[in-house]
$ cat protein_39.tsv   # TSV, C-alpha atoms
chain	number	residue	atom	x	y	z
A	1	MET	CA	-6.18	6.27	17.70
A	2	SER	CA	-7.36	2.68	17.28
A	3	PRO	CA	-5.82	1.46	20.60
A	4	ARG	CA	-7.73	4.20	22.39
A	5	ALA	CA	-10.90	3.28	20.54
A	6	ALA	CA	-10.52	-0.39	21.45
A	7	TRP	CA	-10.00	0.39	25.12
A	8	ARG	CA	-12.93	2.81	25.07
A	9	LEU	CA	-15.22	0.12	23.70
A	10	GLU	CA	-14.11	-2.22	26.47
A	11	SER	CA	-14.92	0.47	29.00
A	12	LEU	CA	-18.40	0.66	27.48
A	13	GLY	CA	-18.94	-3.02	28.17
A	14	PHE	CA	-18.11	-4.60	24.81
A	15	GLY	CA	-16.62	-7.97	25.59
A	16	GLU	CA	-14.79	-8.96	22.42
A	17	VAL	CA	-12.85	-6.04	20.99
A	18	TYR	CA	-9.91	-6.13	18.58
A	19	GLU	CA	-7.60	-3.56	17.09
A	20	TYR	CA	-6.32	-3.77	13.51
A	21	GLY	CA	-3.06	-1.95	14.10
A	22	GLY	CA	-1.95	-1.96	10.47
A	23	GLY	CA	-5.05	0.06	9.70
A	24	LYS	CA	-6.07	1.55	6.42
A	25	LEU	CA	-2.44	2.04	5.37
A	26	ASP	CA	-1.66	-1.65	5.67
A	27	TRP	CA	-4.84	-2.61	3.85
A	28	MET	CA	-4.33	-0.22	0.97
A	29	ALA	CA	-0.61	-0.91	0.70
A	30	ALA	CA	-1.49	-4.53	0.05
A	31	GLY	CA	-3.56	-3.39	-2.92
A	32	LEU	CA	-6.83	-4.54	-1.41
A	33	PRO	CA	-10.07	-2.85	-2.50
A	34	THR	CA	-11.72	-0.05	-0.57
A	35	GLU	CA	-15.11	1.60	-0.66
A	36	GLY	CA	-15.72	5.34	-0.84
A	37	THR	CA	-15.45	8.29	-3.17
A	38	ASN	CA	-11.81	7.51	-4.04
A	39	ALA	CA	-12.48	3.85	-4.77
A	40	LYS	CA	-13.02	4.35	-8.50
A	41	ARG	CA	-10.20	6.85	-9.05
A	42	PRO	CA	-7.11	5.29	-10.65
A	43	ARG	CA	-4.19	4.60	-8.35
A	44	ALA	CA	-0.53	3.92	-8.87
A	45	GLY	CA	-1.06	0.19	-8.45
A	46	ASP	CA	-3.72	0.13	-11.16
A	47	LEU	CA	-1.43	1.75	-13.72
A	48	ALA	CA	1.96	0.27	-12.80
A	49	HIS	CA	3.48	-2.14	-15.30
A	50	THR	CA	3.83	-5.45	-13.52
A	51	ASP	CA	5.76	-6.88	-16.48
A	52	VAL	CA	8.74	-4.55	-16.01
A	53	PRO	CA	12.04	-6.41	-16.54
A	54	THR	CA	13.82	-7.41	-13.35
A	55	CYS	CA	17.34	-8.55	-12.54
A	56	ARG	CA	19.58	-9.59	-9.66
A	57	LEU	CA	22.48	-7.74	-8.09
A	58	ASP	CA	25.14	-10.12	-9.37
A	59	GLU	CA	24.15	-10.18	-13.04
A	60	ARG	CA	26.36	-8.62	-15.71
A	61	LEU	CA	25.05	-5.28	-16.85
A	62	GLU	CA	25.41	-6.20	-20.50
A	63	ASP	CA	23.19	-9.26	-20.09
A	64	VAL	CA	20.50	-7.22	-18.38
A	65	ARG	CA	20.74	-4.46	-20.98
A	66	ASP	CA	20.29	-6.91	-23.84
A	67	ARG	CA	17.36	-8.61	-22.16
A	68	THR	CA	15.70	-5.33	-21.25
A	69	LYS	CA	15.94	-3.93	-24.75
A	70	GLU	CA	14.68	-7.16	-26.28
A	71	GLN	CA	11.56	-6.70	-24.18
A	72	GLY	CA	11.14	-3.12	-25.43
A	73	TRP	CA	12.05	-1.45	-22.17
A	74	ASP	CA	14.59	1.17	-21.17
A	75	ALA	CA	14.52	0.39	-17.45
A	76	ALA	CA	14.83	-2.64	-15.17
A	77	VAL	CA	14.25	-3.10	-11.46
A	78	VAL	CA	16.88	-4.81	-9.31
A	79	ILE	CA	15.28	-7.25	-6.86
A	80	ASN	CA	16.16	-10.27	-4.74
A	81	SER	CA	14.51	-13.68	-4.64
A	82	GLU	CA	11.74	-12.25	-2.43
A	83	ARG	CA	11.09	-9.47	-5.00
A	84	VAL	CA	12.35	-6.84	-2.56
A	85	VAL	CA	13.59	-3.82	-4.49
A	86	PHE	CA	17.29	-2.96	-4.19
A	87	GLY	CA	17.77	-0.60	-7.09
A	88	LEU	CA	16.75	0.73	-10.47
A	89	LEU	CA	18.52	0.64	-13.81
A	90	ARG	CA	17.33	3.56	-15.89
A	91	ALA	CA	18.42	4.20	-19.48
A	92	LYS	CA	21.55	6.04	-18.34
A	93	GLU	CA	22.63	3.21	-16.03
A	94	LEU	CA	21.89	0.57	-18.65
A	95	ASP	CA	24.29	2.37	-20.99
A	96	LEU	CA	27.20	2.34	-18.54
A	97	GLU	CA	30.29	0.17	-19.03
A	98	ALA	CA	28.89	-3.24	-19.98
A	99	ASP	CA	31.35	-5.46	-18.12
A	100	GLN	CA	30.32	-4.71	-14.56
A	101	GLN	CA	27.83	-6.09	-12.13
A	102	VAL	CA	24.36	-4.64	-11.78
A	103	SER	CA	25.15	-3.76	-8.14
A	104	GLN	CA	27.86	-1.35	-9.30
A	105	ALA	CA	25.78	0.34	-11.98
A	106	MET	CA	22.33	0.62	-10.44
A	107	GLN	CA	20.70	3.59	-8.78
A	108	PRO	CA	20.53	2.16	-5.25
A	109	GLY	CA	17.54	2.65	-2.97
A	110	PRO	CA	15.20	4.44	-5.37
A	111	SER	CA	12.19	6.23	-3.90
A	112	THR	CA	9.20	3.95	-3.92
A	113	PHE	CA	5.48	4.56	-3.65
A	114	ARG	CA	2.60	2.43	-2.44
A	115	PRO	CA	-0.08	1.13	-4.83
A	116	TYR	CA	-2.87	3.14	-3.22
A	117	VAL	CA	-1.44	6.57	-4.08
A	118	LEU	CA	-3.84	8.32	-6.43
A	119	ALA	CA	-2.65	8.63	-10.02
A	120	ASP	CA	-3.20	12.40	-9.92
A	121	GLU	CA	-0.82	12.70	-6.97
A	122	MET	CA	1.76	10.56	-8.74
A	123	ALA	CA	1.51	12.76	-11.83
A	124	THR	CA	2.30	15.83	-9.76
A	125	TYR	CA	5.25	14.14	-8.03
A	126	ILE	CA	6.71	12.84	-11.28
A	127	ARG	CA	6.38	16.22	-12.94
A	128	ASP	CA	7.80	18.19	-10.00
A	129	HIS	CA	10.80	15.85	-9.66
A	130	GLU	CA	11.34	15.46	-13.40
A	131	LEU	CA	11.27	11.66	-13.24
A	132	GLU	CA	10.79	9.15	-16.04
A	133	ASN	CA	9.84	6.17	-13.86
A	134	VAL	CA	8.70	5.49	-10.32
A	135	VAL	CA	8.89	2.12	-8.58
A	136	ILE	CA	5.70	0.92	-6.91
A	137	THR	CA	6.11	-1.50	-4.00
A	138	THR	CA	4.11	-2.98	-1.17
A	139	SER	CA	4.76	-1.60	2.30
A	140	ASP	CA	7.33	-4.34	2.92
A	141	GLY	CA	9.32	-3.31	-0.13
A	142	ARG	CA	8.22	-5.95	-2.64
A	143	LEU	CA	7.93	-4.93	-6.27
A	144	VAL	CA	4.46	-4.29	-7.65
A	145	GLY	CA	5.54	-2.66	-10.90
A	146	LEU	CA	6.98	0.38	-12.61
A	147	LEU	CA	4.94	3.50	-13.24
A	148	ARG	CA	6.13	5.52	-16.24
A	149	LYS	CA	5.71	9.23	-16.73
A	150	GLY	CA	3.41	8.70	-19.70
A	151	ASP	CA	1.07	6.53	-17.65
A	152	VAL	CA	-0.07	9.41	-15.48
A	153	SER	CA	0.66	12.55	-17.49
A	154	ARG	CA	-2.32	14.48	-18.78
B	155	MET	CA	-7.57	-6.27	27.20
B	156	PRO	CA	-8.38	-5.69	23.52
B	157	GLY	CA	-6.93	-8.23	21.12
B	158	LYS	CA	-4.93	-7.53	18.01
B	159	VAL	CA	-5.64	-8.72	14.48
B	160	ASP	CA	-3.64	-8.63	11.29
B	161	ARG	CA	-5.05	-8.33	7.79
B	162	ASP	CA	-5.72	-12.03	7.31
B	163	LYS	CA	-7.38	-12.52	10.66
B	164	LEU	CA	-9.50	-9.42	10.07
B	165	ARG	CA	-10.82	-10.86	6.82
B	166	ARG	CA	-11.65	-14.18	8.43
B	167	MET	CA	-13.40	-12.52	11.37
B	168	VAL	CA	-15.45	-10.17	9.20
B	169	GLU	CA	-16.55	-13.11	7.05
B	170	ALA	CA	-17.62	-14.82	10.26
B	171	GLY	CA	-19.69	-11.81	11.34
B	172	ALA	CA	-17.38	-9.44	13.19
B	173	GLN	CA	-18.25	-5.74	13.09
B	174	LEU	CA	-15.67	-3.46	11.51
B	175	VAL	CA	-15.45	0.16	12.67
B	176	GLU	CA	-13.34	3.01	11.28
B	177	VAL	CA	-12.70	5.54	14.04
B	178	LEU	CA	-11.17	8.27	11.88
B	179	PRO	CA	-13.07	11.50	11.17
B	180	GLU	CA	-16.10	11.01	8.94
B	181	GLU	CA	-14.60	12.82	5.93
B	182	GLU	CA	-11.73	10.33	5.78
B	183	TYR	CA	-14.18	7.44	5.91
B	184	VAL	CA	-16.14	8.97	3.03
B	185	GLU	CA	-13.03	8.97	0.81
B	186	ASP	CA	-11.78	5.46	1.56
B	187	HIS	CA	-12.76	2.75	3.99
B	188	LEU	CA	-12.44	-1.01	4.27
B	189	PRO	CA	-15.30	-2.95	2.67
B	190	GLY	CA	-18.18	-3.34	5.06
B	191	ALA	CA	-16.83	-0.92	7.68
B	192	ILE	CA	-19.04	1.60	9.42
B	193	SER	CA	-17.89	5.02	10.61
B	194	ILE	CA	-17.88	5.93	14.28
B	195	PRO	CA	-15.24	8.62	14.85
B	196	LEU	CA	-13.33	8.20	18.10
B	197	ARG	CA	-14.93	11.23	19.68
B	198	HIS	CA	-18.41	9.82	19.03
B	199	LEU	CA	-17.77	6.31	20.32
B	200	GLY	CA	-19.20	7.02	23.74
B	201	ASP	CA	-22.47	8.27	22.29
B	202	GLU	CA	-22.95	5.93	19.35
B	203	ALA	CA	-21.36	2.56	20.14
B	204	SER	CA	-24.19	1.32	22.29
B	205	THR	CA	-26.85	2.03	19.67
B	206	ARG	CA	-24.94	1.10	16.49
B	207	LEU	CA	-22.96	-1.94	17.56
B	208	ASP	CA	-24.08	-5.41	18.61
B	209	ARG	CA	-22.55	-6.37	21.96
B	210	ASN	CA	-22.88	-10.05	21.10
B	211	ARG	CA	-20.53	-9.93	18.10
B	212	PRO	CA	-16.81	-9.14	18.01
B	213	VAL	CA	-15.83	-5.57	17.13
B	214	ILE	CA	-12.67	-4.64	15.20
B	215	VAL	CA	-11.56	-1.02	15.18
B	216	TYR	CA	-9.00	0.60	12.91
B	217	CYS	CA	-7.64	3.98	11.88
B	218	TRP	CA	-4.75	4.84	9.54
B	219	ASP	CA	-2.20	2.84	11.53
B	220	THR	CA	-1.41	2.46	15.20
B	221	ALA	CA	-0.91	6.19	15.89
$ encode --input "protein_39.tsv" --output "structure tokens"
Amino acid sequence: MSPRAAWRLESLGFGEVYEYGGGKLDWMAAGLPTEGTNAKRPRAGDLAHTDVPTCRLDERLEDVRDRTKEQGWDAAVVINSERVVFGLLRAKELDLEADQQVSQAMQPGPSTFRPYVLADEMATYIRDHELENVVITTSDGRLVGLLRKGDVSR
Amino acid sequence: MPGKVDRDKLRRMVEAGAQLVEVLPEEEYVEDHLPGAISIPLRHLGDEASTRLDRNRPVIVYCWDTA
């Protein structure tokens, strides 16, 4: 729609016209503020825990489990040096055989959601899919935080 | 030919006085829009652009994405 709008403005005689192709999705996925009736409603990015434990693919599961529990968590997100999400270690994966690499134990490619999704919509999704945690990322897959069921349940 | 901007360039241009226009239907603008944007839905551009936009300043248009 925006390419057509940009060309239409040119046809109307506007000399300096630009198109923001990323659009509202790109803006909101970056966690940037918006204006409007939804602006004050809580979103996934507002409620996600940015302090969720993280680990790398090649770490020993036992080391990650110990570290995660010391921090009071029962989940950890598997990321690379760019904070791109590769997997999730939930309680059941953390309790697997200790002497293996994270890459073998993790839930690979977990579903992720963008920070702009309204908390009400996340609550419905988490309830309908019987999830405990949902990973929140930017549109290019970088970790924002972990949203827990209790954060959005009413 | 219209130019293209990314998020960073958009912010710089708006700070420098560019006009920002959401071309989605009005109800979508009401729910969420970029700070400082005005609403001129695509189908109304022909009627409203000339009266609501300044021809002497850059104009940036956006919708949800490129579709």
$ residues_around --input "protein_39.tsv" --residues "Gly171 in chain B" --least-positions-apart "2" --cutoff "12 Å" --atoms "all atoms listed in the file" --output "ChimeraX atom specification"
/B:164-169,173-174,190-191,208,210-214
$ interface_residues --input "protein_39.tsv" --of "chain B" --to "chain A" --cutoff "9 Å" --atoms "only C-alpha atoms" --output "ChimeraX atom specification"
/B:155-161,164,176-178,183-191,195-197,199-200,203-204,208-221
$ residues_around --input "protein_39.tsv" --residues "Ala91 in chain A" --least-positions-apart "6" --cutoff "12 Å" --atoms "all atoms listed in the file" --output "list in words"
Leu61, Val64, Arg65, Thr68, Lys69, Gly72, Trp73, Asp74, Ala75, Ala76, Val77, Ala105, Met106, Gln107, Glu132 and Asn133 of chain A
$ residues_around --input "protein_39.tsv" --residues "Glu130 in chain A" --least-positions-apart "6" --cutoff "12 Å" --atoms "only C-alpha atoms" --output "mmCIF file with C-alpha atoms, in the coordinates of the input"
data_model
loop_
_atom_site.group_PDB
_atom_site.id
_atom_site.type_symbol
_atom_site.label_atom_id
_atom_site.label_comp_id
_atom_site.auth_asym_id
_atom_site.auth_seq_id
_atom_site.Cartn_x
_atom_site.Cartn_y
_atom_site.Cartn_z
ATOM 1 C CA MET A 122 1.760 10.560 -8.740
ATOM 2 C CA ALA A 123 1.510 12.760 -11.830
ATOM 3 C CA THR A 124 2.300 15.830 -9.760
ATOM 4 C CA ARG A 148 6.130 5.520 -16.240
ATOM 5 C CA LYS A 149 5.710 9.230 -16.730
ATOM 6 C CA SER A 153 0.660 12.550 -17.490
#
$ atom_distance --input "protein_39.tsv" --atom1 "CA of Arg114 in chain A" --atom2 "CA of Val144 in chain A"
8.7 Å
$ atom_distance --input "protein_39.tsv" --atom1 "CA of Val152 in chain A" --atom2 "CA of Leu89 in chain A"
20.6 Å
$ atom_distance --input "protein_39.tsv" --atom1 "CA of Lys40 in chain A" --atom2 "CA of Val134 in chain A"
21.8 Å
$ build_atoms --input "protein_39.tsv" --residues "range 46-63 of chain A" --atoms "N, CA and C atoms" --output "mmCIF file, in the frame of the given file"
data_model
loop_
_atom_site.group_PDB
_atom_site.id
_atom_site.type_symbol
_atom_site.label_atom_id
_atom_site.label_comp_id
_atom_site.auth_asym_id
_atom_site.auth_seq_id
_atom_site.Cartn_x
_atom_site.Cartn_y
_atom_site.Cartn_z
ATOM 1 N N ASP A 46 -2.895 0.501 -10.008
ATOM 2 C CA ASP A 46 -3.720 0.130 -11.160
ATOM 3 C C ASP A 46 -2.966 0.338 -12.469
ATOM 4 N N LEU A 47 -2.081 1.349 -12.481
ATOM 5 C CA LEU A 47 -1.430 1.750 -13.720
ATOM 6 C C LEU A 47 -0.003 1.212 -13.857
ATOM 7 N N ALA A 48 0.571 0.736 -12.760
ATOM 8 C CA ALA A 48 1.960 0.270 -12.800
ATOM 9 C C ALA A 48 2.095 -0.949 -13.710
ATOM 10 N N HIS A 49 3.217 -1.013 -14.411
ATOM 11 C CA HIS A 49 3.480 -2.140 -15.300
ATOM 12 C C HIS A 49 4.104 -3.279 -14.495
ATOM 13 N N THR A 50 3.334 -4.322 -14.328
ATOM 14 C CA THR A 50 3.830 -5.450 -13.520
ATOM 15 C C THR A 50 4.796 -6.324 -14.322
ATOM 16 N N ASP A 51 4.869 -6.079 -15.638
ATOM 17 C CA ASP A 51 5.760 -6.880 -16.480
ATOM 18 C C ASP A 51 7.119 -6.210 -16.695
ATOM 19 N N VAL A 52 7.449 -5.227 -15.869
ATOM 20 C CA VAL A 52 8.740 -4.550 -16.010
ATOM 21 C C VAL A 52 9.865 -5.587 -15.863
ATOM 22 N N PRO A 53 10.917 -5.476 -16.691
ATOM 23 C CA PRO A 53 12.040 -6.410 -16.540
ATOM 24 C C PRO A 53 12.683 -6.273 -15.156
ATOM 25 N N THR A 54 13.137 -7.394 -14.641
ATOM 26 C CA THR A 54 13.820 -7.410 -13.350
ATOM 27 C C THR A 54 15.164 -8.108 -13.500
ATOM 28 N N CYS A 55 16.045 -7.880 -12.539
ATOM 29 C CA CYS A 55 17.340 -8.550 -12.540
ATOM 30 C C CYS A 55 17.859 -8.646 -11.126
ATOM 31 N N ARG A 56 18.963 -9.391 -10.979
ATOM 32 C CA ARG A 56 19.580 -9.590 -9.660
ATOM 33 C C ARG A 56 20.850 -8.762 -9.571
ATOM 34 N N LEU A 57 21.294 -8.563 -8.345
ATOM 35 C CA LEU A 57 22.480 -7.740 -8.090
ATOM 36 C C LEU A 57 23.729 -8.235 -8.795
ATOM 37 N N ASP A 58 23.875 -9.567 -8.889
ATOM 38 C CA ASP A 58 25.140 -10.120 -9.370
ATOM 39 C C ASP A 58 25.147 -10.409 -10.865
ATOM 40 N N GLU A 59 24.141 -9.968 -11.590
ATOM 41 C CA GLU A 59 24.150 -10.180 -13.040
ATOM 42 C C GLU A 59 25.071 -9.174 -13.723
ATOM 43 N N ARG A 60 25.546 -9.557 -14.919
ATOM 44 C CA ARG A 60 26.360 -8.620 -15.710
ATOM 45 C C ARG A 60 25.433 -7.594 -16.355
ATOM 46 N N LEU A 61 25.880 -6.363 -16.313
ATOM 47 C CA LEU A 61 25.050 -5.280 -16.850
ATOM 48 C C LEU A 61 24.704 -5.510 -18.318
ATOM 49 N N GLU A 62 25.657 -5.999 -19.075
ATOM 50 C CA GLU A 62 25.410 -6.200 -20.500
ATOM 51 C C GLU A 62 24.273 -7.195 -20.733
ATOM 52 N N ASP A 63 24.255 -8.261 -19.940
ATOM 53 C CA ASP A 63 23.190 -9.260 -20.090
ATOM 54 C C ASP A 63 21.820 -8.643 -19.798
#
